[in-house]
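Shown below: run-v4.pdb, with PDB, C-alpha atoms.
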ATOM      1  CA  MET S   3      41.006  12.548 -41.394  1.00  0.00           C
ATOM      2  CA  GLU S   4      42.897  13.564 -38.241  1.00  0.00           C
ATOM      3  CA  GLU S   5      43.969   9.963 -37.568  1.00  0.00           C
ATOM      4  CA  ALA S   6      45.085   9.570 -41.211  1.00  0.00           C
ATOM      5  CA  ASN S   7      47.279  12.672 -40.919  1.00  0.00           C
ATOM      6  CA  ILE S   8      48.762  11.379 -37.677  1.00  0.00           C
ATOM      7  CA  GLN S   9      49.596   8.027 -39.301  1.00  0.00           C
ATOM      8  CA  LEU S  10      51.109   9.827 -42.323  1.00  0.00           C
ATOM      9  CA  ASP S  11      53.264  11.942 -39.982  1.00  0.00           C
ATOM     10  CA  ARG S  12      54.307   8.733 -38.225  1.00  0.00           C
ATOM     11  CA  VAL S  13      55.461   7.154 -41.518  1.00  0.00           C
ATOM     12  CA  ARG S  14      57.339  10.340 -42.474  1.00  0.00           C
ATOM     13  CA  ALA S  15      59.035  10.583 -39.078  1.00  0.00           C
ATOM     14  CA  ALA S  16      59.853   6.956 -38.366  1.00  0.00           C
ATOM     15  CA  GLY S  17      59.472   5.108 -41.676  1.00  0.00           C
ATOM     16  CA  PRO S  18      57.032   2.255 -42.277  1.00  0.00           C
ATOM     17  CA  THR S  19      56.161   0.055 -39.288  1.00  0.00           C
ATOM     18  CA  ARG S  20      53.415  -2.487 -38.706  1.00  0.00           C
ATOM     19  CA  PHE S  21      51.378   0.326 -37.114  1.00  0.00           C
ATOM     20  CA  ALA S  22      51.772   2.867 -39.944  1.00  0.00           C
ATOM     21  CA  PHE S  23      52.908   1.682 -43.379  1.00  0.00           C
ATOM     22  CA  THR S  24      52.843   2.407 -47.097  1.00  0.00           C
ATOM     23  CA  ILE S  25      51.259   0.353 -49.869  1.00  0.00           C
ATOM     24  CA  SER S  26      54.728  -0.595 -51.124  1.00  0.00           C
ATOM     25  CA  HIS S  27      55.823  -1.901 -47.708  1.00  0.00           C
ATOM     26  CA  ALA S  28      53.323  -4.255 -46.082  1.00  0.00           C
ATOM     27  CA  PHE S  29      53.735  -6.054 -42.758  1.00  0.00           C
ATOM     28  CA  ALA S  30      52.417  -9.477 -41.806  1.00  0.00           C
ATOM     29  CA  SER S  31      49.589  -9.536 -39.308  1.00  0.00           C
ATOM     30  CA  PRO S  32      50.558 -11.066 -35.948  1.00  0.00           C
ATOM     31  CA  ALA S  33      49.017 -14.450 -35.178  1.00  0.00           C
ATOM     32  CA  GLU S  34      47.711 -13.115 -31.867  1.00  0.00           C
ATOM     33  CA  PRO S  35      48.378 -10.079 -29.706  1.00  0.00           C
ATOM     34  CA  ALA S  36      51.370 -10.264 -27.407  1.00  0.00           C
ATOM     35  CA  ALA S  37      50.693 -10.446 -23.689  1.00  0.00           C
ATOM     36  CA  PRO S  38      51.379  -7.206 -21.803  1.00  0.00           C
ATOM     37  CA  GLY S  39      55.071  -6.734 -21.155  1.00  0.00           C
ATOM     38  CA  THR S  40      56.147  -9.231 -23.829  1.00  0.00           C
ATOM     39  CA  GLY S  41      56.942  -8.998 -27.503  1.00  0.00           C
ATOM     40  CA  PRO S  42      59.740  -8.235 -29.879  1.00  0.00           C
ATOM     41  CA  ALA S  43      60.641  -4.767 -28.533  1.00  0.00           C
ATOM     42  CA  PRO S  44      64.335  -4.388 -27.661  1.00  0.00           C
ATOM     43  CA  GLN S  45      64.861  -3.643 -23.976  1.00  0.00           C
ATOM     44  CA  ILE S  46      66.753  -0.360 -24.407  1.00  0.00           C
ATOM     45  CA  TYR S  47      64.893   2.215 -22.290  1.00  0.00           C
ATOM     46  CA  ASN S  48      64.738   0.889 -18.734  1.00  0.00           C
ATOM     47  CA  GLY S  49      66.755   3.064 -16.344  1.00  0.00           C
ATOM     48  CA  ARG S  50      67.986   5.467 -19.022  1.00  0.00           C
ATOM     49  CA  LYS S  51      68.216   9.122 -18.060  1.00  0.00           C
ATOM     50  CA  MET S  52      67.657  11.396 -21.033  1.00  0.00           C
ATOM     51  CA  ARG S  53      68.170  15.179 -21.155  1.00  0.00           C
ATOM     52  CA  LEU S  54      66.228  17.439 -23.533  1.00  0.00           C
ATOM     53  CA  VAL S  55      68.840  19.237 -25.680  1.00  0.00           C
ATOM     54  CA  SER S  56      66.538  20.961 -28.187  1.00  0.00           C
ATOM     55  CA  ASN S  57      62.831  21.577 -28.635  1.00  0.00           C
ATOM     56  CA  THR S  58      60.702  23.417 -31.170  1.00  0.00           C
ATOM     57  CA  ALA S  59      58.866  26.534 -30.005  1.00  0.00           C
ATOM     58  CA  GLY S  60      55.522  25.514 -28.537  1.00  0.00           C
ATOM     59  CA  GLY S  61      56.953  22.674 -26.478  1.00  0.00           C
ATOM     60  CA  ASP S  62      56.359  23.253 -22.777  1.00  0.00           C
ATOM     61  CA  VAL S  63      59.322  21.328 -21.387  1.00  0.00           C
ATOM     62  CA  PRO S  64      62.556  23.367 -21.060  1.00  0.00           C
ATOM     63  CA  ASP S  65      65.964  22.437 -22.469  1.00  0.00           C
ATOM     64  CA  GLY S  66      67.854  20.503 -19.827  1.00  0.00           C
ATOM     65  CA  GLN S  67      64.765  18.666 -18.539  1.00  0.00           C
ATOM     66  CA  VAL S  68      65.740  15.120 -17.483  1.00  0.00           C
ATOM     67  CA  PHE S  69      63.478  12.113 -18.019  1.00  0.00           C
ATOM     68  CA  GLU S  70      64.178   8.729 -16.444  1.00  0.00           C
ATOM     69  CA  TYR S  71      62.594   5.941 -18.470  1.00  0.00           C
ATOM     70  CA  ARG S  72      61.235   2.578 -17.351  1.00  0.00           C
ATOM     71  CA  GLN S  73      60.454  -0.362 -19.631  1.00  0.00           C
ATOM     72  CA  ASP S  74      58.695  -3.707 -19.315  1.00  0.00           C
ATOM     73  CA  GLY S  75      58.523  -5.559 -22.629  1.00  0.00           C
ATOM     74  CA  ALA S  76      57.040  -3.176 -25.186  1.00  0.00           C
ATOM     75  CA  ARG S  77      55.682  -0.834 -22.465  1.00  0.00           C
ATOM     76  CA  VAL S  78      57.725   2.312 -21.756  1.00  0.00           C
ATOM     77  CA  TRP S  79      56.916   5.144 -19.316  1.00  0.00           C
ATOM     78  CA  SER S  80      58.323   8.124 -17.430  1.00  0.00           C
ATOM     79  CA  VAL S  81      57.210  10.775 -14.927  1.00  0.00           C
ATOM     80  CA  TYR S  82      58.658  14.314 -14.934  1.00  0.00           C
ATOM     81  CA  HIS S  83      58.193  17.837 -13.577  1.00  0.00           C
ATOM     82  CA  SER S  84      59.543  21.369 -14.071  1.00  0.00           C
ATOM     83  CA  ALA S  85      58.376  24.968 -13.678  1.00  0.00           C
ATOM     84  CA  GLU S  86      56.731  24.715 -17.127  1.00  0.00           C
ATOM     85  CA  ALA S  87      55.243  21.256 -16.538  1.00  0.00           C
ATOM     86  CA  ARG S  88      54.202  21.004 -12.891  1.00  0.00           C
ATOM     87  CA  PHE S  89      53.632  17.286 -13.324  1.00  0.00           C
ATOM     88  CA  GLY S  90      53.918  15.167 -16.443  1.00  0.00           C
ATOM     89  CA  SER S  91      53.821  11.542 -17.444  1.00  0.00           C
ATOM     90  CA  LEU S  92      54.279   9.612 -20.630  1.00  0.00           C
ATOM     91  CA  VAL S  93      53.421   6.129 -21.748  1.00  0.00           C
ATOM     92  CA  ALA S  94      54.539   4.453 -24.950  1.00  0.00           C
ATOM     93  CA  SER S  95      54.644   1.244 -26.895  1.00  0.00           C
ATOM     94  CA  ALA S  96      58.000   0.213 -28.421  1.00  0.00           C
ATOM     95  CA  ASP S  97      58.174  -1.621 -31.734  1.00  0.00           C
ATOM     96  CA  ALA S  98      60.794  -4.145 -32.882  1.00  0.00           C
ATOM     97  CA  GLU S  99      63.197  -1.317 -33.888  1.00  0.00           C
ATOM     98  CA  GLY S 100      62.785   0.429 -30.532  1.00  0.00           C
ATOM     99  CA  LYS S 101      60.684   3.267 -31.980  1.00  0.00           C
ATOM    100  CA  LEU S 102      58.088   4.624 -29.578  1.00  0.00           C
ATOM    101  CA  ASP S 103      54.429   5.427 -30.197  1.00  0.00           C
ATOM    102  CA  LEU S 104      54.089   7.755 -27.223  1.00  0.00           C
ATOM    103  CA  ARG S 105      51.340   9.724 -25.443  1.00  0.00           C
ATOM    104  CA  TYR S 106      52.043  12.383 -22.841  1.00  0.00           C
ATOM    105  CA  GLN S 107      50.055  14.496 -20.419  1.00  0.00           C
ATOM    106  CA  GLN S 108      51.095  17.265 -18.099  1.00  0.00           C
ATOM    107  CA  LEU S 109      49.845  20.178 -16.009  1.00  0.00           C
ATOM    108  CA  ASP S 110      50.945  23.675 -17.022  1.00  0.00           C
ATOM    109  CA  PRO S 111      51.933  26.258 -14.353  1.00  0.00           C
ATOM    110  CA  LYS S 112      48.243  27.179 -13.865  1.00  0.00           C
ATOM    111  CA  GLY S 113      47.306  23.519 -13.342  1.00  0.00           C
ATOM    112  CA  THR S 114      45.629  23.187 -16.763  1.00  0.00           C
ATOM    113  CA  PRO S 115      45.996  19.719 -18.332  1.00  0.00           C
ATOM    114  CA  ARG S 116      47.818  19.421 -21.667  1.00  0.00           C
ATOM    115  CA  THR S 117      47.976  16.234 -23.759  1.00  0.00           C
ATOM    116  CA  GLY S 118      49.946  15.157 -26.806  1.00  0.00           C
ATOM    117  CA  ARG S 119      51.371  12.382 -28.914  1.00  0.00           C
ATOM    118  CA  CYS S 120      54.840  11.698 -30.201  1.00  0.00           C
ATOM    119  CA  VAL S 121      56.835   9.334 -32.408  1.00  0.00           C
ATOM    120  CA  THR S 122      60.318   8.725 -31.016  1.00  0.00           C
ATOM    121  CA  THR S 123      63.190   7.194 -32.984  1.00  0.00           C
ATOM    122  CA  PRO S 124      66.258   5.986 -31.033  1.00  0.00           C
ATOM    123  CA  GLU S 125      69.796   6.128 -32.376  1.00  0.00           C
ATOM    124  CA  ARG S 126      73.336   5.702 -31.112  1.00  0.00           C
ATOM    125  CA  LEU S 127      75.719   8.681 -30.976  1.00  0.00           C
ATOM    126  CA  ASP S 128      79.337   8.368 -32.139  1.00  0.00           C
ATOM    127  CA  ASP S 129      80.468   8.231 -28.490  1.00  0.00           C
ATOM    128  CA  GLY S 130      78.116   5.278 -27.829  1.00  0.00           C
ATOM    129  CA  ARG S 131      75.456   7.167 -25.874  1.00  0.00           C
ATOM    130  CA  PHE S 132      71.766   7.054 -26.770  1.00  0.00           C
ATOM    131  CA  ARG S 133      69.807   9.796 -28.620  1.00  0.00           C
ATOM    132  CA  MET S 134      66.043  10.066 -29.141  1.00  0.00           C
ATOM    133  CA  LEU S 135      64.606  12.043 -32.079  1.00  0.00           C
ATOM    134  CA  GLU S 136      60.993  13.039 -31.474  1.00  0.00           C
ATOM    135  CA  VAL S 137      58.184  14.372 -33.647  1.00  0.00           C
ATOM    136  CA  TRP S 138      55.345  15.568 -31.406  1.00  0.00           C
ATOM    137  CA  GLN S 139      51.940  17.238 -31.518  1.00  0.00           C
ATOM    138  CA  TRP S 140      49.675  18.675 -28.847  1.00  0.00           C
ATOM    139  CA  THR S 141      46.279  16.949 -28.996  1.00  0.00           C
ATOM    140  CA  ASN S 142      44.514  19.707 -27.090  1.00  0.00           C
ATOM    141  CA  GLY S 143      44.728  23.476 -27.445  1.00  0.00           C
ATOM    142  CA  ASP S 144      46.095  24.692 -30.773  1.00  0.00           C
ATOM    143  CA  GLY S 145      47.489  21.342 -31.991  1.00  0.00           C
ATOM    144  CA  THR S 146      51.032  22.721 -32.314  1.00  0.00           C
ATOM    145  CA  ARG S 147      53.536  20.323 -33.882  1.00  0.00           C
ATOM    146  CA  GLY S 148      57.244  20.191 -33.248  1.00  0.00           C
ATOM    147  CA  GLU S 149      60.437  18.221 -32.898  1.00  0.00           C
ATOM    148  CA  SER S 150      62.744  17.597 -29.985  1.00  0.00           C
ATOM    149  CA  VAL S 151      66.030  15.823 -29.329  1.00  0.00           C
ATOM    150  CA  LEU S 152      66.999  14.062 -26.100  1.00  0.00           C
ATOM    151  CA  GLU S 153      70.457  12.675 -25.335  1.00  0.00           C
ATOM    152  CA  GLU S 154      71.520  10.220 -22.699  1.00  0.00           C
ATOM    153  CA  VAL S 155      73.008  11.584 -19.488  1.00  0.00           C
ATOM    154  CA  GLY S 156      76.119   9.635 -18.557  1.00  0.00           C
ATOM    155  CA  SER S 157      79.114   7.879 -20.023  1.00  0.00           C
ATOM    156  CA  VAL S 158      79.566   5.379 -22.823  1.00  0.00           C
ATOM    157  CA  GLU S 159      79.957   2.653 -20.177  1.00  0.00           C
ATOM    158  CA  GLN S 160      76.528   3.565 -18.788  1.00  0.00           C
ATOM    159  CA  ALA S 161      75.049   3.283 -22.309  1.00  0.00           C
ATOM    160  CA  GLY S 162      75.496  -0.486 -22.045  1.00  0.00           C
ATOM    161  CA  GLU S 163      75.533  -3.333 -24.519  1.00  0.00           C
ATOM    162  CA  ASN S 164      71.766  -3.336 -25.067  1.00  0.00           C
ATOM    163  CA  LEU S 165      72.182  -0.654 -27.775  1.00  0.00           C
ATOM    164  CA  ALA S 166      74.034  -3.088 -30.043  1.00  0.00           C
ATOM    165  CA  GLY S 167      71.117  -3.351 -32.479  1.00  0.00           C
ATOM    166  CA  LEU S 168      70.625   0.391 -32.967  1.00  0.00           C
ATOM    167  CA  PRO S 169      71.973   2.212 -36.033  1.00  0.00           C
ATOM    168  CA  ALA S 170      75.150   4.215 -35.460  1.00  0.00           C
TER     169      ALA S 170
END

As structure tokens, how would this structure be written, given the file I've shared?
Amino acid sequence: MEEANIQLDRVRAAGPTRFAFTISHAFASPAEPAAPGTGPAPQIYNGRKMRLVSNTAGGDVPDGQVFEYRQDGARVWSVYHSAEARFGSLVASADAEGKLDLRYQQLDPKGTPRTGRCVTTPERLDDGRFRMLEVWQWTNGDGTRGESVLEEVGSVEQAGENLAGLPA
């Protein structure tokens, strides 16, 4: 039941994808799995620096936290730290629209591990920079759910041409 609720949240947050879909919107099954680091995912995350601009109560990372993303094919990851998250890392899989199915783990100030999952939807801001809309849930502790918004640090020129396929 928990996995079904997670998939339902994923459809609500990001729309139907081949990983979470509705009966009215089916996706073809791939002929074979893609090799690691390959696939249809747009290469939009590598080297991007994103700053947390808003977060629901219950999120442990403070506004202003900067994440620098890396990407290889559909694989996306980042490492971060702050007073609230002594050490954190995230790993995700990007789909053909650039949406992320993401898992994160971090140590709180007492050194206690926290884990969670997140669905991230990328979009382009009017000034050409990159924004990420996230719907997250802690998978340990109280299971708190929330939403956060990250925006690219830097200029329109730094946003680059690789955002051409994202919705404005």

Handout entry: Answer key for the PyMOL selection byres ((chain S and resi 150) around 12), residues as a PyMOL selection string
Key = chain S and resi 52-67+120-123+133-139+147-149+151-153

Problem - Matched chain/residue IDs from the PyMOL selection byres ((chain S and resi 47-49) around 8), as a ChimeraX atom specification - result: /S:45-46,50-51,70-74,78

Problem - Point-to-point distance in Å for atom CA of Asp11 of chain S and atom CA of Leu104 of chain S - result: 13.5 Å

Exercise for the section: Work out how far apart atom CA of Gly130 of chain S and atom CA of Tyr106 of chain S are and give it in Å to one decimal. Expected result: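 Calculated distance between atom CA of Gly130 of chain S and atom CA of Tyr106 of chain S is 27.5 Å.
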
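Here the PyMOL selection byres ((chain S and resi 77) around 7) captures the residues S:Gly39, S:Gln73, S:Asp74, S:Gly75, S:Ala76, S:Val78, S:Trp79, S:Ala94, S:Ser95, S:Ala96.
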
Residues from last step as file, C-alpha atoms, as a CSV table (one decimal), keeping the file's coordinate frame:
chain,number,residue,atom,x,y,z
S,39,GLY,CA,55.1,-6.7,-21.2
S,73,GLN,CA,60.5,-0.4,-19.6
S,74,ASP,CA,58.7,-3.7,-19.3
S,75,GLY,CA,58.5,-5.6,-22.6
S,76,ALA,CA,57.0,-3.2,-25.2
S,78,VAL,CA,57.7,2.3,-21.8
S,79,TRP,CA,56.9,5.1,-19.3
S,94,ALA,CA,54.5,4.5,-25.0
S,95,SER,CA,54.6,1.2,-26.9
S,96,ALA,CA,58.0,0.2,-28.4

Output, as lines of an AutoDock Vina configuration file, the centre and edge lengths in Å (one decimal) of the axis-aligned box that contains all listed atoms of segment 98-103 of chain S with 6 Å of margin on each side.
center_x = 58.8
center_y = 0.6
center_z = -31.7
size_x = 20.8
size_y = 21.6
size_z = 16.3

Practice task
Name the closest residue to Thr117 of chain S among the candidates S:Ala98, S:Asp129, S:His83, S:Asn142; distances are taken between atoms, counting all atoms listed in the file.
Solution key: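 The shortest atom-to-atom distance to Thr117 of chain S comes from S:Asn142.
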
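When atom CA of Thr141 of chain S is paired with atom CA of Arg119 of chain S, their separation reads 6.8 Å.
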
Exercise for the section: Measuring atom to atom with all atoms listed in the file, identify which of S:Leu109, S:Ala15, S:Val155, S:Ala6 is nearest to Arg88 of chain S. Expected result: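 For Arg88 of chain S, the nearest of the candidates is S:Leu109.
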